[in-house]
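This report concerns only the one structure given below.
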Amino acid sequence: MTDINIILVEDDDDLRESLAEVLELSGFHVDAVNCAMAFYQTLNIMSYDVALVDIGLPDQSGLKIVEFLREKTGVGIILLTAKSAVVDRVLGYESGADHYFVKPVDSFELMAAIRSLYGRMLEQLSTVAEMTHWRLERSSWKLVCPEGKYIKLTAKEMTFINILMQQSGECVIRNQLLNELGYFDDEFGNRSMDSLLRRLRKKVMDEMHKELPVQTIRASGYCFSAVSVILSGG
């Protein structure tokens, strides 16, 4: 797993430099700073996936940094400290840390923890996306709303929604839709497509109790206006 951006906050020069070097050689991108002030300044101009934070910093407790990160960001947090007492571990986790490492830190174990933490973060983001997106499951011909309710689509409905969701947020012109649906670009074809959309809107409202997020762009076409994802599997 690569392209993980890390900020390392450690005041021990030798440890900071050695950890940063090992992590960089292993494919991580690391920005290393030696105090809380430098951390906040760096965070203002860069974004990170994981923060490695020493508790015993010269200008502020690392626990304060952890509390800030947990409240203001979605960054994964790993504490690095010489304090091994249970009470210190409890304080670390209560402040919002995901992992707590006692120095000296084994670099291979630390890298494994970073990768595992980042992987869980990606899974959580995927779950949130599924809960907020409209989904088209093409293999099962289902249109699924963010709350998980779904409807089964007919062949024409499937074609229509698939085209719109492939260009989600953009206007799909009527001529393209008519052609893909197999309708002629005449009065009968346009009326057939409008009727298809009315039936689909009614189906979504009746079975999902939601408005279908398809906007009519006057004299142009239609737009799927919600965030969406298309899945090949069902």
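Residues are referred to by chain and number: the chain letter is A, B, ... according to the order shown in the structure tokens, the number counts from 1 in that chain, and ligands are numbered separately from 1 in the order shown.
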
List the spatial neighbours of Gln215 in chain A as a compact mmCIF listing (two decimals) with C-alpha atoms, in the first residue's frame - criterion: any atom at most 10 Å away, only C-alpha atoms, same-chain residues fewer than 2 positions off excluded.
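Saved as result_23.txt:
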# COMPACT_ATOMS: atom_id res chain seq x y z
CA GLY A 169 -24.03 15.98 -12.68
CA CYS A 171 -26.72 17.24 -18.89
CA LEU A 212 -35.78 10.40 -8.27
CA PRO A 213 -32.83 12.84 -8.61
CA ILE A 217 -32.87 20.60 -18.50
CA ARG A 218 -35.31 22.56 -20.62
CA GLY A 221 -32.05 16.85 -21.90
CA TYR A 222 -31.77 15.34 -18.44
CA CYS A 223 -29.27 15.31 -15.58
CA PHE A 224 -28.79 12.86 -12.70
CA SER A 225 -28.24 15.43 -9.96
CA ALA A 226 -27.22 13.23 -6.99

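By only C-alpha atoms, and with residues fewer than 5 positions from Lys103 in chain A along its chain excluded, the set lying at most 8 Å from it is Leu80, Thr81 and Ala82 of chain A.
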
Restricting it to N, CA and C atoms, dump the selection as an mmCIF file, in the first residue's frame.
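Heads up, here's the output in part_26.cif:
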data_model
loop_
_atom_site.group_PDB
_atom_site.id
_atom_site.type_symbol
_atom_site.label_atom_id
_atom_site.label_comp_id
_atom_site.auth_asym_id
_atom_site.auth_seq_id
_atom_site.Cartn_x
_atom_site.Cartn_y
_atom_site.Cartn_z
ATOM 1 N N LEU A 80 3.504 7.930 19.885
ATOM 2 C CA LEU A 80 4.835 7.404 20.171
ATOM 3 C C LEU A 80 5.284 8.002 21.498
ATOM 4 N N THR A 81 5.657 7.169 22.469
ATOM 5 C CA THR A 81 5.986 7.695 23.789
ATOM 6 C C THR A 81 6.875 6.736 24.570
ATOM 7 N N ALA A 82 7.580 7.289 25.530
ATOM 8 C CA ALA A 82 8.376 6.468 26.438
ATOM 9 C C ALA A 82 7.543 6.001 27.628
#

Requested in this report: Taking the chain letters and numbering used in this document, name the residues of range 10-50 of chain A that DSSP puts in helix (DSSP H, G or I), as a ChimeraX atom specification.
Outcome: /A:13-25,36-43

How about saving the chosen residues, C-alpha atoms kept, as a PDB file, in the first residue's frame?
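Everything below was put into again14.pdb:
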ATOM      1  CA  ASP A  13      16.409  14.544  16.311  1.00  0.00           C
ATOM      2  CA  ASP A  14      18.000  11.119  15.847  1.00  0.00           C
ATOM      3  CA  LEU A  15      14.726   9.202  16.240  1.00  0.00           C
ATOM      4  CA  ARG A  16      12.832  11.618  13.997  1.00  0.00           C
ATOM      5  CA  GLU A  17      15.405  11.384  11.225  1.00  0.00           C
ATOM      6  CA  SER A  18      15.782   7.613  11.415  1.00  0.00           C
ATOM      7  CA  LEU A  19      12.020   6.958  11.466  1.00  0.00           C
ATOM      8  CA  ALA A  20      11.412   9.336   8.590  1.00  0.00           C
ATOM      9  CA  GLU A  21      14.165   7.681   6.548  1.00  0.00           C
ATOM     10  CA  VAL A  22      12.874   4.138   7.149  1.00  0.00           C
ATOM     11  CA  LEU A  23       9.306   5.135   6.299  1.00  0.00           C
ATOM     12  CA  GLU A  24      10.355   6.998   3.160  1.00  0.00           C
ATOM     13  CA  LEU A  25      12.399   4.005   1.979  1.00  0.00           C
ATOM     14  CA  ALA A  36       3.733  21.326  18.088  1.00  0.00           C
ATOM     15  CA  MET A  37       4.095  24.788  16.548  1.00  0.00           C
ATOM     16  CA  ALA A  38       5.776  23.360  13.446  1.00  0.00           C
ATOM     17  CA  PHE A  39       3.061  20.687  13.293  1.00  0.00           C
ATOM     18  CA  TYR A  40       0.217  23.235  13.228  1.00  0.00           C
ATOM     19  CA  GLN A  41       2.031  25.368  10.651  1.00  0.00           C
ATOM     20  CA  THR A  42       2.570  22.359   8.390  1.00  0.00           C
ATOM     21  CA  LEU A  43      -1.006  21.156   8.803  1.00  0.00           C
TER      22      LEU A  43
END

Can you tell me, as a tab-separated table (two decimals) with N, CA and C atoms, in the first residue's frame, which residues in range 31-73 of chain A count as strand (DSSP E or B) by DSSP?
chain	number	residue	atom	x	y	z
A	31	ASP	N	6.49	13.97	6.21
A	31	ASP	CA	6.96	15.29	6.63
A	31	ASP	C	7.23	15.20	8.12
A	32	ALA	N	8.43	15.51	8.54
A	32	ALA	CA	8.83	15.37	9.94
A	32	ALA	C	9.09	16.73	10.56
A	33	VAL	N	8.48	16.97	11.73
A	33	VAL	CA	8.67	18.23	12.46
A	33	VAL	C	9.04	17.92	13.90
A	50	VAL	N	-2.10	9.90	8.00
A	50	VAL	CA	-1.75	9.37	9.32
A	50	VAL	C	-0.79	10.34	10.00
A	51	ALA	N	-0.98	10.52	11.32
A	51	ALA	CA	-0.07	11.33	12.12
A	51	ALA	C	0.61	10.44	13.16
A	52	LEU	N	1.94	10.55	13.25
A	52	LEU	CA	2.72	9.88	14.29
A	52	LEU	C	3.15	10.96	15.26
A	53	VAL	N	2.69	10.85	16.49
A	53	VAL	CA	2.84	11.97	17.44
A	53	VAL	C	3.52	11.52	18.72
A	54	ASP	N	4.61	12.19	19.07
A	54	ASP	CA	5.28	11.99	20.35
A	54	ASP	C	4.51	12.74	21.43

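With only C-alpha atoms taken into account, the protein and nucleic acid residues at most 7 Å from Ser95 in chain A (excluding it and anything under 6 positions from it in its own chain) are Leu63, Val66 and Glu67 of chain A.
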
Query raised in the report: Hey, what's within 10 Å of Tyr150 in chain A if we count only C-alpha atoms and toss same-chain stuff fewer than 3 positions away? As a list of chain:residue names, please?
Result: A:Trp134, A:Arg135, A:Leu136, A:Glu137, A:Trp141, A:Lys142, A:Leu143, A:Val144, A:Cys145, A:Pro146, A:Glu147, A:Leu153, A:Val204, A:Glu207, A:Met208

Would you export the selected residues with C-alpha atoms as a PDB file, in the first residue's frame, please?
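Full text of again_39.pdb as output:
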ATOM      1  CA  TRP A 134     -27.345   6.346  -5.271  1.00  0.00           C
ATOM      2  CA  ARG A 135     -26.128   3.035  -6.704  1.00  0.00           C
ATOM      3  CA  LEU A 136     -26.889   1.245  -9.931  1.00  0.00           C
ATOM      4  CA  GLU A 137     -26.199  -2.489  -9.668  1.00  0.00           C
ATOM      5  CA  TRP A 141     -30.756  -4.409 -12.558  1.00  0.00           C
ATOM      6  CA  LYS A 142     -31.294  -2.603  -9.256  1.00  0.00           C
ATOM      7  CA  LEU A 143     -31.390   1.105  -8.517  1.00  0.00           C
ATOM      8  CA  VAL A 144     -30.518   1.590  -4.843  1.00  0.00           C
ATOM      9  CA  CYS A 145     -31.113   4.804  -2.889  1.00  0.00           C
ATOM     10  CA  PRO A 146     -28.760   5.982  -0.084  1.00  0.00           C
ATOM     11  CA  GLU A 147     -30.989   4.426   2.586  1.00  0.00           C
ATOM     12  CA  LEU A 153     -35.494  -1.812 -13.427  1.00  0.00           C
ATOM     13  CA  VAL A 204     -39.192   5.385  -7.127  1.00  0.00           C
ATOM     14  CA  GLU A 207     -41.338   1.997  -3.501  1.00  0.00           C
ATOM     15  CA  MET A 208     -38.569   4.174  -2.056  1.00  0.00           C
TER      16      MET A 208
END

Query - range 108-121 of chain A surroundings by only C-alpha atoms, 8 Å radius, close-in-sequence under 2 positions cut, as a PyMOL selection string - result: chain A and resi 1+4+23+49-50+76+98-99+105-106+123-125

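One finds CA of Ile77 in chain A at 19.0 Å from CA of Ser26 in chain A.
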
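The closest residue to His29 in chain A, picked from A:Val75, A:Met46, A:Ile6, A:Leu177 and counting only C-alpha atoms, is A:Ile6.
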
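Separating CA of Ser107 in chain A from CA of Gly56 in chain A is a distance of 19.6 Å.
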
Query raised in the report: Near Met165 in chain A, within 8 Å and counting only C-alpha atoms, which residues show up once chain neighbours fewer than 5 positions away are dropped, as number ranges by chain?
Result: A: 224, 228-230

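Take CA of Arg70 in chain A and CA of Leu122 in chain A: the distance between them is 16.6 Å.
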
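In terms of minimum interatomic distance to Asn34 in chain A, A:Ile7 ranks closest within A:Ile161, A:Val172, A:Ile7, A:Ala155, counting only C-alpha atoms.
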
Query - Polymer residues at most 12 Å from Gly182 in chain A, only C-alpha atoms, same-chain spacing of 4 or more positions, as JSON, numbers by chain - result: {"A": [155, 156, 159, 160, 175, 176, 177, 178, 186, 188, 189, 190, 192, 193]}

Write the residues of the preceding selection, restricted to N, CA and C atoms, as an mmCIF file, in the first residue's frame.
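Listed below is the output, again_39.cif:
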data_model
loop_
_atom_site.group_PDB
_atom_site.id
_atom_site.type_symbol
_atom_site.label_atom_id
_atom_site.label_comp_id
_atom_site.auth_asym_id
_atom_site.auth_seq_id
_atom_site.Cartn_x
_atom_site.Cartn_y
_atom_site.Cartn_z
ATOM 1 N N ALA A 155 -35.644 -3.079 -18.888
ATOM 2 C CA ALA A 155 -34.524 -2.875 -19.803
ATOM 3 C C ALA A 155 -34.390 -1.410 -20.201
ATOM 4 N N LYS A 156 -35.513 -0.772 -20.536
ATOM 5 C CA LYS A 156 -35.479 0.634 -20.929
ATOM 6 C C LYS A 156 -35.055 1.523 -19.764
ATOM 7 N N THR A 159 -31.298 1.192 -19.193
ATOM 8 C CA THR A 159 -30.532 1.939 -20.185
ATOM 9 C C THR A 159 -30.551 3.430 -19.878
ATOM 10 N N PHE A 160 -31.725 3.941 -19.579
ATOM 11 C CA PHE A 160 -31.911 5.363 -19.311
ATOM 12 C C PHE A 160 -31.081 5.815 -18.104
ATOM 13 N N ASN A 175 -31.125 13.803 -27.752
ATOM 14 C CA ASN A 175 -30.800 12.996 -28.927
ATOM 15 C C ASN A 175 -30.012 11.738 -28.553
ATOM 16 N N GLN A 176 -29.066 11.894 -27.635
ATOM 17 C CA GLN A 176 -28.274 10.744 -27.201
ATOM 18 C C GLN A 176 -29.152 9.717 -26.503
ATOM 19 N N LEU A 177 -30.029 10.187 -25.627
ATOM 20 C CA LEU A 177 -30.914 9.285 -24.895
ATOM 21 C C LEU A 177 -31.872 8.564 -25.847
ATOM 22 N N LEU A 178 -32.442 9.311 -26.763
ATOM 23 C CA LEU A 178 -33.368 8.705 -27.727
ATOM 24 C C LEU A 178 -32.673 7.614 -28.525
ATOM 25 N N ASP A 186 -38.486 11.921 -32.985
ATOM 26 C CA ASP A 186 -39.705 12.555 -33.489
ATOM 27 C C ASP A 186 -40.661 12.721 -32.319
ATOM 28 N N PHE A 188 -43.326 11.075 -31.454
ATOM 29 C CA PHE A 188 -43.649 9.822 -30.775
ATOM 30 C C PHE A 188 -42.493 9.353 -29.891
ATOM 31 N N GLY A 189 -41.248 9.470 -30.411
ATOM 32 C CA GLY A 189 -40.094 9.045 -29.631
ATOM 33 C C GLY A 189 -39.912 9.879 -28.381
ATOM 34 N N ASN A 190 -40.068 11.185 -28.498
ATOM 35 C CA ASN A 190 -39.918 12.063 -27.343
ATOM 36 C C ASN A 190 -41.001 11.813 -26.304
ATOM 37 N N SER A 192 -42.515 8.993 -25.846
ATOM 38 C CA SER A 192 -42.226 7.691 -25.238
ATOM 39 C C SER A 192 -41.173 7.830 -24.142
ATOM 40 N N MET A 193 -40.140 8.635 -24.385
ATOM 41 C CA MET A 193 -39.099 8.821 -23.376
ATOM 42 C C MET A 193 -39.633 9.585 -22.172
#
